[in-house]
Structures are given as structure tokens and as C-alpha cells.
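This is data_3.cif. It holds mmCIF, C-alpha atoms and all ligand atoms.
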```cif
data_query
loop_
_atom_site.label_atom_id
_atom_site.label_comp_id
_atom_site.auth_asym_id
_atom_site.auth_seq_id
_atom_site.Cartn_x
_atom_site.Cartn_y
_atom_site.Cartn_z
CA MET M 14 -2.78 -12.96 24.26
CA ASP M 15 -1.60 -12.59 20.66
CA LYS M 16 2.07 -13.40 20.07
CA PHE M 17 4.48 -11.78 17.65
CA ASP M 18 7.57 -12.80 15.72
CA LEU M 19 9.77 -10.13 14.20
CA MET M 20 9.88 -10.22 10.40
CA ILE M 21 11.36 -6.84 9.38
CA SER M 22 12.90 -4.32 11.77
CA GLU M 23 12.28 -0.59 11.92
CA GLU M 24 15.88 0.05 10.76
CA GLU M 25 15.51 -2.21 7.71
CA ILE M 26 12.22 -0.52 6.79
CA LYS M 27 13.70 2.96 7.12
CA ALA M 28 16.67 2.13 4.88
CA LYS M 29 14.52 0.45 2.24
CA VAL M 30 11.93 3.26 2.15
CA LYS M 31 14.73 5.75 1.47
CA GLU M 32 16.11 3.51 -1.31
CA VAL M 33 12.68 3.20 -2.98
CA ALA M 34 11.99 6.95 -2.59
CA ASP M 35 15.32 7.70 -4.27
CA LYS M 36 14.40 5.44 -7.18
CA ILE M 37 11.00 7.13 -7.53
CA SER M 38 12.68 10.56 -7.49
CA ARG M 39 15.08 9.46 -10.22
CA ASP M 40 12.31 7.93 -12.37
CA TYR M 41 10.14 11.08 -12.22
CA ASP M 42 13.05 13.50 -12.61
CA GLY M 43 11.74 16.81 -13.98
CA GLU M 44 8.11 15.86 -13.28
CA SER M 45 5.77 16.26 -10.33
CA ILE M 46 3.40 13.67 -8.88
CA VAL M 47 0.09 13.34 -7.06
CA VAL M 48 0.27 10.81 -4.23
CA ILE M 49 -2.85 8.80 -3.43
CA SER M 50 -2.58 6.94 -0.15
CA VAL M 51 -4.85 3.95 0.41
CA LEU M 52 -6.38 4.24 3.87
CA THR M 53 -6.04 3.15 6.51
CA GLY M 54 -3.03 0.89 6.29
CA ALA M 55 -0.79 3.06 4.12
CA PHE M 56 -0.82 6.16 6.33
CA ILE M 57 2.53 5.47 8.01
CA PHE M 58 4.32 4.30 4.86
CA THR M 59 2.98 7.32 2.95
CA ALA M 60 4.24 9.71 5.63
CA ASP M 61 7.71 8.17 5.54
CA LEU M 62 7.90 7.83 1.75
CA VAL M 63 6.85 11.36 0.80
CA ARG M 64 9.35 12.87 3.21
CA GLU M 65 12.18 11.08 1.39
CA LEU M 66 11.11 12.20 -2.10
CA THR M 67 13.10 14.95 -3.77
CA ILE M 68 10.63 15.59 -6.62
CA PRO M 69 7.69 18.01 -6.28
CA VAL M 70 4.54 16.46 -4.80
CA ASP M 71 1.57 18.51 -6.09
CA LYS M 72 -1.01 16.92 -3.83
CA ILE M 73 -1.35 14.14 -1.28
CA ASP M 74 -4.83 12.68 -1.25
CA THR M 75 -6.41 9.62 0.33
CA VAL M 76 -8.81 6.95 -0.80
CA GLN M 77 -10.63 4.26 1.11
CA ILE M 78 -12.09 1.22 -0.59
CA SER M 79 -14.80 -1.07 0.62
CA SER M 80 -15.21 -4.52 -0.86
CA TYR M 81 -18.46 -6.37 -0.88
CA GLU M 82 -18.26 -10.07 -1.34
CA GLY M 83 -21.19 -10.99 -3.53
CA THR M 84 -22.17 -14.47 -4.57
CA LYS M 85 -18.91 -14.60 -6.48
CA SER M 86 -15.62 -14.38 -4.60
CA THR M 87 -14.31 -11.68 -6.94
CA GLY M 88 -16.19 -9.06 -4.90
CA ASN M 89 -17.31 -5.55 -5.81
CA PHE M 90 -15.57 -2.38 -4.83
CA ILE M 91 -16.87 1.05 -3.93
CA PHE M 92 -15.13 4.18 -2.76
CA LYS M 93 -15.85 4.57 0.93
CA LYS M 94 -13.85 7.75 0.54
CA ASP M 95 -12.95 9.11 -2.88
CA ILE M 96 -10.12 11.52 -3.67
CA THR M 97 -11.02 15.18 -4.11
CA THR M 98 -8.12 15.89 -6.47
CA ASP M 99 -8.57 16.25 -10.24
CA ILE M 100 -5.96 13.79 -11.53
CA SER M 101 -6.50 14.28 -15.27
CA GLY M 102 -3.14 14.85 -16.94
CA LYS M 103 -1.26 14.16 -13.69
CA ASN M 104 1.34 11.57 -12.74
CA VAL M 105 -0.42 9.51 -10.07
CA LEU M 106 1.46 7.39 -7.55
CA ILE M 107 -0.80 5.07 -5.56
CA VAL M 108 0.75 4.23 -2.20
CA GLU M 109 -0.44 1.00 -0.57
CA ASP M 110 0.56 -0.92 2.55
CA ILE M 111 0.52 -4.47 1.19
CA VAL M 112 -0.48 -6.25 -2.01
CA ASP M 113 -2.01 -9.63 -1.33
CA THR M 114 -4.45 -11.07 -3.90
CA GLY M 115 -4.01 -7.88 -5.94
CA ARG M 116 -7.77 -7.38 -6.29
CA THR M 117 -7.90 -4.04 -4.45
CA LEU M 118 -5.17 -2.37 -6.45
CA LYS M 119 -6.19 -3.77 -9.80
CA LYS M 120 -9.69 -2.38 -9.32
CA LEU M 121 -8.48 0.92 -7.89
CA ARG M 122 -6.07 1.43 -10.76
CA GLU M 123 -8.86 0.74 -13.27
CA MET M 124 -11.18 3.18 -11.53
CA LEU M 125 -8.55 5.94 -11.44
CA GLN M 126 -7.47 5.24 -15.02
CA MET M 127 -10.95 6.29 -16.20
CA ARG M 128 -10.15 9.82 -14.99
CA GLU M 129 -7.40 10.07 -17.59
CA PRO M 130 -4.24 10.74 -15.61
CA LYS M 131 -0.97 11.16 -17.52
CA SER M 132 0.37 8.04 -15.78
CA ILE M 133 -0.44 5.73 -12.88
CA LYS M 134 2.08 3.75 -10.87
CA ILE M 135 1.78 1.69 -7.71
CA CYS M 136 4.16 1.76 -4.76
CA THR M 137 3.68 -0.77 -1.97
CA ALA M 138 5.54 -1.32 1.27
CA PHE M 139 5.04 -5.09 1.21
CA ASP M 140 4.15 -7.61 -1.46
CA LYS M 141 2.95 -11.20 -1.10
CA PRO M 142 3.19 -12.39 -4.74
CA SER M 143 2.43 -16.00 -3.80
CA ARG M 144 -1.16 -14.93 -3.01
CA ARG M 145 -1.85 -13.13 -6.31
CA VAL M 146 -5.02 -14.01 -8.24
CA ASN M 147 -4.35 -11.66 -11.17
CA ASP M 148 -1.48 -10.12 -13.13
CA LEU M 149 -0.96 -7.09 -10.88
CA VAL M 150 2.70 -6.20 -10.37
CA PRO M 151 3.52 -3.14 -8.24
CA ASP M 152 5.90 -0.68 -9.92
CA TYR M 153 7.73 -0.14 -6.63
CA ASN M 154 7.92 -2.55 -3.71
CA CYS M 155 9.98 -2.30 -0.54
CA PHE M 156 9.77 -5.92 0.65
CA THR M 157 8.60 -9.18 -0.90
CA ILE M 158 7.32 -11.33 1.97
CA PRO M 159 6.07 -14.91 2.35
CA ASP M 160 2.43 -15.81 2.91
CA GLU M 161 2.19 -14.79 6.57
CA PHE M 162 -0.28 -12.41 8.21
CA VAL M 163 1.74 -9.41 9.33
CA VAL M 164 1.02 -6.39 11.50
CA GLY M 165 2.75 -3.10 12.30
CA TYR M 166 3.91 -0.17 10.19
CA GLY M 167 0.26 0.70 9.56
CA LEU M 168 -1.03 -2.85 9.16
CA ASP M 169 -3.63 -4.05 11.64
CA TYR M 170 -5.20 -7.12 13.07
CA ASP M 171 -8.81 -6.29 13.90
CA GLY M 172 -7.88 -2.61 14.12
CA LYS M 173 -4.95 -3.18 16.48
CA TYR M 174 -1.13 -3.09 16.23
CA ARG M 175 -0.89 -0.49 13.45
CA GLN M 176 1.48 1.57 15.60
CA PHE M 177 4.18 -1.11 15.87
CA LYS M 178 7.45 0.19 14.40
CA ASP M 179 8.56 -3.24 13.13
CA ILE M 180 6.73 -5.70 10.89
CA MET M 181 5.65 -8.65 12.97
CA ILE M 182 4.05 -11.98 12.17
CA VAL M 183 1.02 -12.24 14.43
CA ARG M 184 0.07 -15.56 16.02
CA THR M 185 -3.46 -14.96 17.16
CA ASP M 186 -5.32 -16.59 20.04
CA ASN M 187 -7.37 -18.49 17.46
CA GLU M 188 -4.36 -20.38 16.12
P1 LIG M 201 -5.74 -7.54 -1.79
O1 LIG M 201 -6.88 -6.93 -2.53
O2 LIG M 201 -4.40 -7.33 -2.45
O3 LIG M 201 -5.97 -8.99 -1.46
O4 LIG M 201 -5.80 -6.85 -0.40
C1 LIG M 201 -4.85 -6.06 0.14
C2 LIG M 201 -5.34 -5.65 1.51
O5 LIG M 201 -5.52 -6.81 2.35
C3 LIG M 201 -4.32 -4.80 2.19
O6 LIG M 201 -4.49 -3.44 1.91
C4 LIG M 201 -4.55 -5.12 3.65
O7 LIG M 201 -5.56 -4.30 4.17
C5 LIG M 201 -5.05 -6.56 3.65
N1 LIG M 201 -3.96 -7.50 3.94
C6 LIG M 201 -3.43 -8.40 3.10
N2 LIG M 201 -2.43 -9.10 3.69
C7 LIG M 201 -2.34 -8.60 4.95
C8 LIG M 201 -1.47 -8.90 6.06
O8 LIG M 201 -0.57 -9.77 6.05
N3 LIG M 201 -1.67 -8.16 7.20
C9 LIG M 201 -2.62 -7.20 7.29
N4 LIG M 201 -2.73 -6.56 8.44
N5 LIG M 201 -3.45 -6.90 6.26
C10 LIG M 201 -3.30 -7.59 5.11
#
```

Would you write the structure of this file as C-alpha cells?
Amino acid sequence: MDKFDLMISEEEIKAKVKEVADKISRDYDGESIVVISVLTGAFIFTADLVRELTIPVDKIDTVQISSYEGTKSTGNFIFKKDITTDISGKNVLIVEDIVDTGRTLKKLREMLQMREPKSIKICTAFDKPSRRVNDLVPDYNCFTIPDEFVVGYGLDYDGKYRQFKDIMIVRTDNE
């Protein structure tokens, strides 16, 4: 049986998401945004975040990325599911569950940048900066966390535990 240690409670997450949403609403005052949620992990955070925003949200779209580890560890990325929204001239807010090495978001941002949006920013629920392999810094981050594998609030272990309301450190059977 996997075991769990509480890292961040549902109440703490709720309060912080509201705080970050308020900041986003202030920063984009007078503008509207297109939200791009990175599946699957960001679906719960996206649902909570957008409901706290007070600025107009023109569209909410989703993207799913697949990474293929080639002979080099940098990997290659393809869209398993692309957005269907035309983002040219739009303010794009990418919503992600967690930034780890930063590879996924760096590549995604580059790929979306080619479609000439007015702006692109990144909002993540959790950030593990100690694991970063590049210069990616999210524009908005709810929680900076240590290098632990966490589940809940959309994050899975082998497809499981996404529905947990709190963020938990998982101690798997293999440890
Ligand atoms: P990156 O390209 O930044 O290394 O990858 C980020 C992705 O790795 C996240 O979207 C998530 O799917 C996965 N990931 C990184 N750290 C964790 C973690 O602690 N728990 C879970 N469940 N997934 C993680």
C-alpha cells in the first residue's frame, strides 16, 4: 500500500489560488485572456483558478504534450492534443500543475510563441525550482515546494490519486 504525508492542505491551496487569481486579475486589468490548461494534471487547478478571476476569459482551451526520450535526455515534444483556438494577438495564460525540470513549459511556450500571441505568461500551482535544467521561471506560482514527488490536486502517481483534495508526498511500495 502506498503511504502519504500531508504537504499542503486543501484550505491553504484554496486561499493561495484566490491570492494568485487576484494578482492575475490586477495585472491584466482592462484586458482579456485565453487560458490554456496543460492536461491532464492542471484540470483541477484550472477549474479553481478561472473561477476566481475577475477579468474576461475569452476562451479556455487544453493542450496535451507527449515527450519522447531520444538518444539524448533532452527529449522531443509533440502535441498529443493541440489547442483549437487562434491565439494570434491574444494574451495567453498557460496553466500548469507543476514545474519540475522546466522542459515541458519551455518547449510549450516556444511552440505557442510561433503563433504570435500578444503575450504569453505561465501560471503554475507548484514549482520545484531545485530540479530546473533551464532558465524557465513561471510568471505566477502558488507554492514553491522541495524535491519530493507529490500527488493530489490533479497530480497523479501512475494515473492514481489525482482526486485528493490536499497535496501529499507519496511513499510508494517501491521505496
Ligand atoms: P517538467 O518538464 O517540468 O520536468 O515536467 C513537468 C511535469 O512532470 C508535470 O506536468 C508533471 O506531469 C510531472 N511531475 C513533475 N513533478 C511531479 C510530482 O512531484 N508529482 C507528479 N505527480 N508529477 C510530477

All residues having an atom within 6 Å of ligand LIG 201 (chain M) (all atoms listed in the file) as a ChimeraX atom specification: /M:110-117,161-164,168-170

Nearest-residue call for Thr98 (chain M), choices M:Val150, M:Val47, M:Ala28, M:Leu52, using only C-alpha atoms: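 Under the stated criterion, the closest residue is M:Val47.
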
Neighbour list for Asp15 (chain M) as a ChimeraX atom specification, cut-off 12 Å, only C-alpha atoms, skip fewer than 5 positions in-chain: /M:164,170-171,173-174,181-188

For Thr75 (chain M), the nearest of the candidates M:Val108, M:Ile100, M:Ile91, M:Leu125, counting all atoms listed in the file: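 Between M:Val108, M:Ile100, M:Ile91, M:Leu125, the residue approaching Thr75 (chain M) most closely is M:Val108.
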
d(CA of Leu106 (chain M), CA of Val48 (chain M)) in Å: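 Going from CA of Leu106 (chain M) over to CA of Val48 (chain M), I get 4.9 Å.
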
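Every protein or nucleic acid residue with an atom no more than 10 Å from Asp42 (chain M), counting all atoms listed in the file and leaving out same-chain residues fewer than 6 positions away, appears here: Lys36, Thr67, Ile68 and Pro69 of chain M.
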
Kindly export the residues of the current selection with C-alpha atoms, as a tab-separated table (two decimals), in the frame of the given file.
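Generated file (out_23.tsv):
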```
chain	number	residue	atom	x	y	z
M	36	LYS	CA	14.40	5.44	-7.18
M	67	THR	CA	13.10	14.95	-3.77
M	68	ILE	CA	10.63	15.59	-6.62
M	69	PRO	CA	7.69	18.01	-6.28
```

Separation of CA of Tyr166 (chain M) from CA of Lys178 (chain M), in Å and rounded to one decimal: 5.5 Å

Separation of CA of Lys72 (chain M) from CA of Ile21 (chain M), in Å and rounded to one decimal: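 That distance, rounded to one decimal, is 29.9 Å.
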
Written coordinates, N, CA and C atoms of region 145-187 of chain M as a CSV table (one decimal), in the first residue's frame:
```csv
chain,number,residue,atom,x,y,z
M,145,ARG,N,15.3,22.4,-11.7
M,145,ARG,CA,15.3,23.0,-13.0
M,145,ARG,C,16.6,22.8,-13.8
M,146,VAL,N,16.4,22.5,-15.1
M,146,VAL,CA,17.6,22.3,-16.0
M,146,VAL,C,17.7,23.5,-17.0
M,147,ASN,N,16.8,24.4,-16.9
M,147,ASN,CA,16.9,25.6,-17.8
M,147,ASN,C,16.6,26.9,-17.1
M,148,ASP,N,16.3,27.9,-17.8
M,148,ASP,CA,16.1,29.2,-17.1
M,148,ASP,C,14.6,29.6,-17.0
M,149,LEU,N,13.8,28.5,-17.1
M,149,LEU,CA,12.3,28.8,-17.0
M,149,LEU,C,11.9,29.3,-15.6
M,150,VAL,N,11.2,30.4,-15.6
M,150,VAL,CA,10.7,30.9,-14.3
M,150,VAL,C,9.2,31.2,-14.6
M,151,PRO,N,8.3,30.5,-13.8
M,151,PRO,CA,6.9,30.8,-14.0
M,151,PRO,C,6.5,32.2,-13.6
M,152,ASP,N,5.6,32.9,-14.4
M,152,ASP,CA,5.2,34.2,-14.0
M,152,ASP,C,4.4,34.2,-12.7
M,153,TYR,N,3.6,33.2,-12.5
M,153,TYR,CA,2.8,33.1,-11.3
M,153,TYR,C,2.9,31.7,-10.8
M,154,ASN,N,3.1,31.6,-9.5
M,154,ASN,CA,3.3,30.3,-8.8
M,154,ASN,C,2.6,30.3,-7.5
M,155,CYS,N,1.8,29.3,-7.2
M,155,CYS,CA,1.1,29.3,-5.9
M,155,CYS,C,2.1,28.8,-4.8
M,156,PHE,N,2.8,27.7,-5.0
M,156,PHE,CA,3.6,27.1,-3.9
M,156,PHE,C,5.0,26.6,-4.5
M,157,THR,N,6.1,27.1,-3.9
M,157,THR,CA,7.4,26.6,-4.1
M,157,THR,C,7.6,25.4,-3.2
M,158,ILE,N,7.9,24.2,-3.8
M,158,ILE,CA,8.0,23.0,-2.9
M,158,ILE,C,9.4,22.3,-3.1
M,159,PRO,N,9.8,21.6,-2.1
M,159,PRO,CA,11.1,20.9,-2.2
M,159,PRO,C,11.0,19.7,-3.2
M,160,ASP,N,12.1,19.1,-3.4
M,160,ASP,CA,12.2,18.0,-4.4
M,160,ASP,C,11.6,16.7,-3.8
M,161,GLU,N,10.3,16.6,-3.8
M,161,GLU,CA,9.5,15.5,-3.3
M,161,GLU,C,8.5,15.1,-4.4
M,162,PHE,N,8.2,13.9,-4.6
M,162,PHE,CA,7.1,13.5,-5.6
M,162,PHE,C,5.8,13.6,-4.9
M,163,VAL,N,5.0,14.5,-5.4
M,163,VAL,CA,3.7,14.8,-4.8
M,163,VAL,C,2.5,14.4,-5.6
M,164,VAL,N,1.4,14.1,-5.0
M,164,VAL,CA,0.2,13.7,-5.7
M,164,VAL,C,-1.0,14.5,-5.1
M,165,GLY,N,-2.1,14.5,-5.8
M,165,GLY,CA,-3.3,15.2,-5.4
M,165,GLY,C,-3.5,16.5,-6.1
M,166,TYR,N,-4.7,17.1,-6.0
M,166,TYR,CA,-5.0,18.4,-6.7
M,166,TYR,C,-4.6,18.3,-8.2
M,167,GLY,N,-5.0,17.1,-8.7
M,167,GLY,CA,-4.7,16.9,-10.2
M,167,GLY,C,-3.5,16.1,-10.5
M,168,LEU,N,-2.6,16.0,-9.6
M,168,LEU,CA,-1.3,15.3,-9.8
M,168,LEU,C,-1.4,13.8,-9.5
M,169,ASP,N,-0.9,13.0,-10.4
M,169,ASP,CA,-1.1,11.6,-10.2
M,169,ASP,C,0.2,10.8,-9.9
M,170,TYR,N,0.0,9.6,-9.5
M,170,TYR,CA,1.1,8.6,-9.5
M,170,TYR,C,0.5,7.4,-10.2
M,171,ASP,N,1.1,7.2,-11.4
M,171,ASP,CA,0.6,6.1,-12.3
M,171,ASP,C,-0.9,6.2,-12.5
M,172,GLY,N,-1.4,7.4,-12.7
M,172,GLY,CA,-2.8,7.6,-13.0
M,172,GLY,C,-3.7,7.8,-11.8
M,173,LYS,N,-3.2,7.5,-10.7
M,173,LYS,CA,-4.0,7.5,-9.4
M,173,LYS,C,-3.8,8.8,-8.6
M,174,TYR,N,-4.7,9.0,-7.7
M,174,TYR,CA,-4.6,10.0,-6.6
M,174,TYR,C,-4.9,11.4,-7.1
M,175,ARG,N,-5.2,11.6,-8.3
M,175,ARG,CA,-5.5,13.0,-8.8
M,175,ARG,C,-6.6,13.7,-8.0
M,176,GLN,N,-7.5,12.9,-7.5
M,176,GLN,CA,-8.7,13.5,-6.9
M,176,GLN,C,-8.5,13.9,-5.4
M,177,PHE,N,-7.3,13.6,-4.9
M,177,PHE,CA,-7.1,14.0,-3.5
M,177,PHE,C,-7.2,15.6,-3.4
M,178,LYS,N,-7.8,16.0,-2.3
M,178,LYS,CA,-8.0,17.5,-2.2
M,178,LYS,C,-6.8,18.2,-1.7
M,179,ASP,N,-5.9,17.5,-0.9
M,179,ASP,CA,-4.7,18.0,-0.4
M,179,ASP,C,-3.5,17.6,-1.3
M,180,ILE,N,-2.4,18.3,-1.1
M,180,ILE,CA,-1.1,17.8,-1.8
M,180,ILE,C,-0.4,16.9,-0.8
M,181,MET,N,-0.1,15.7,-1.3
M,181,MET,CA,0.5,14.7,-0.4
M,181,MET,C,1.8,14.3,-1.0
M,182,ILE,N,2.8,14.0,-0.1
M,182,ILE,CA,4.0,13.3,-0.6
M,182,ILE,C,3.7,11.8,-0.6
M,183,VAL,N,4.0,11.2,-1.7
M,183,VAL,CA,3.6,9.8,-1.8
M,183,VAL,C,4.9,8.9,-1.5
M,184,ARG,N,4.7,8.0,-0.6
M,184,ARG,CA,5.8,7.0,-0.4
M,184,ARG,C,5.3,5.7,-1.0
M,185,THR,N,5.9,5.3,-2.1
M,185,THR,CA,5.4,4.2,-2.9
M,185,THR,C,5.9,2.9,-2.3
M,186,ASP,N,5.3,1.8,-2.8
M,186,ASP,CA,5.6,0.5,-2.3
M,186,ASP,C,7.1,0.2,-2.7
M,187,ASN,N,7.6,0.8,-3.8
M,187,ASN,CA,8.9,0.5,-4.3
M,187,ASN,C,10.0,1.1,-3.4
```
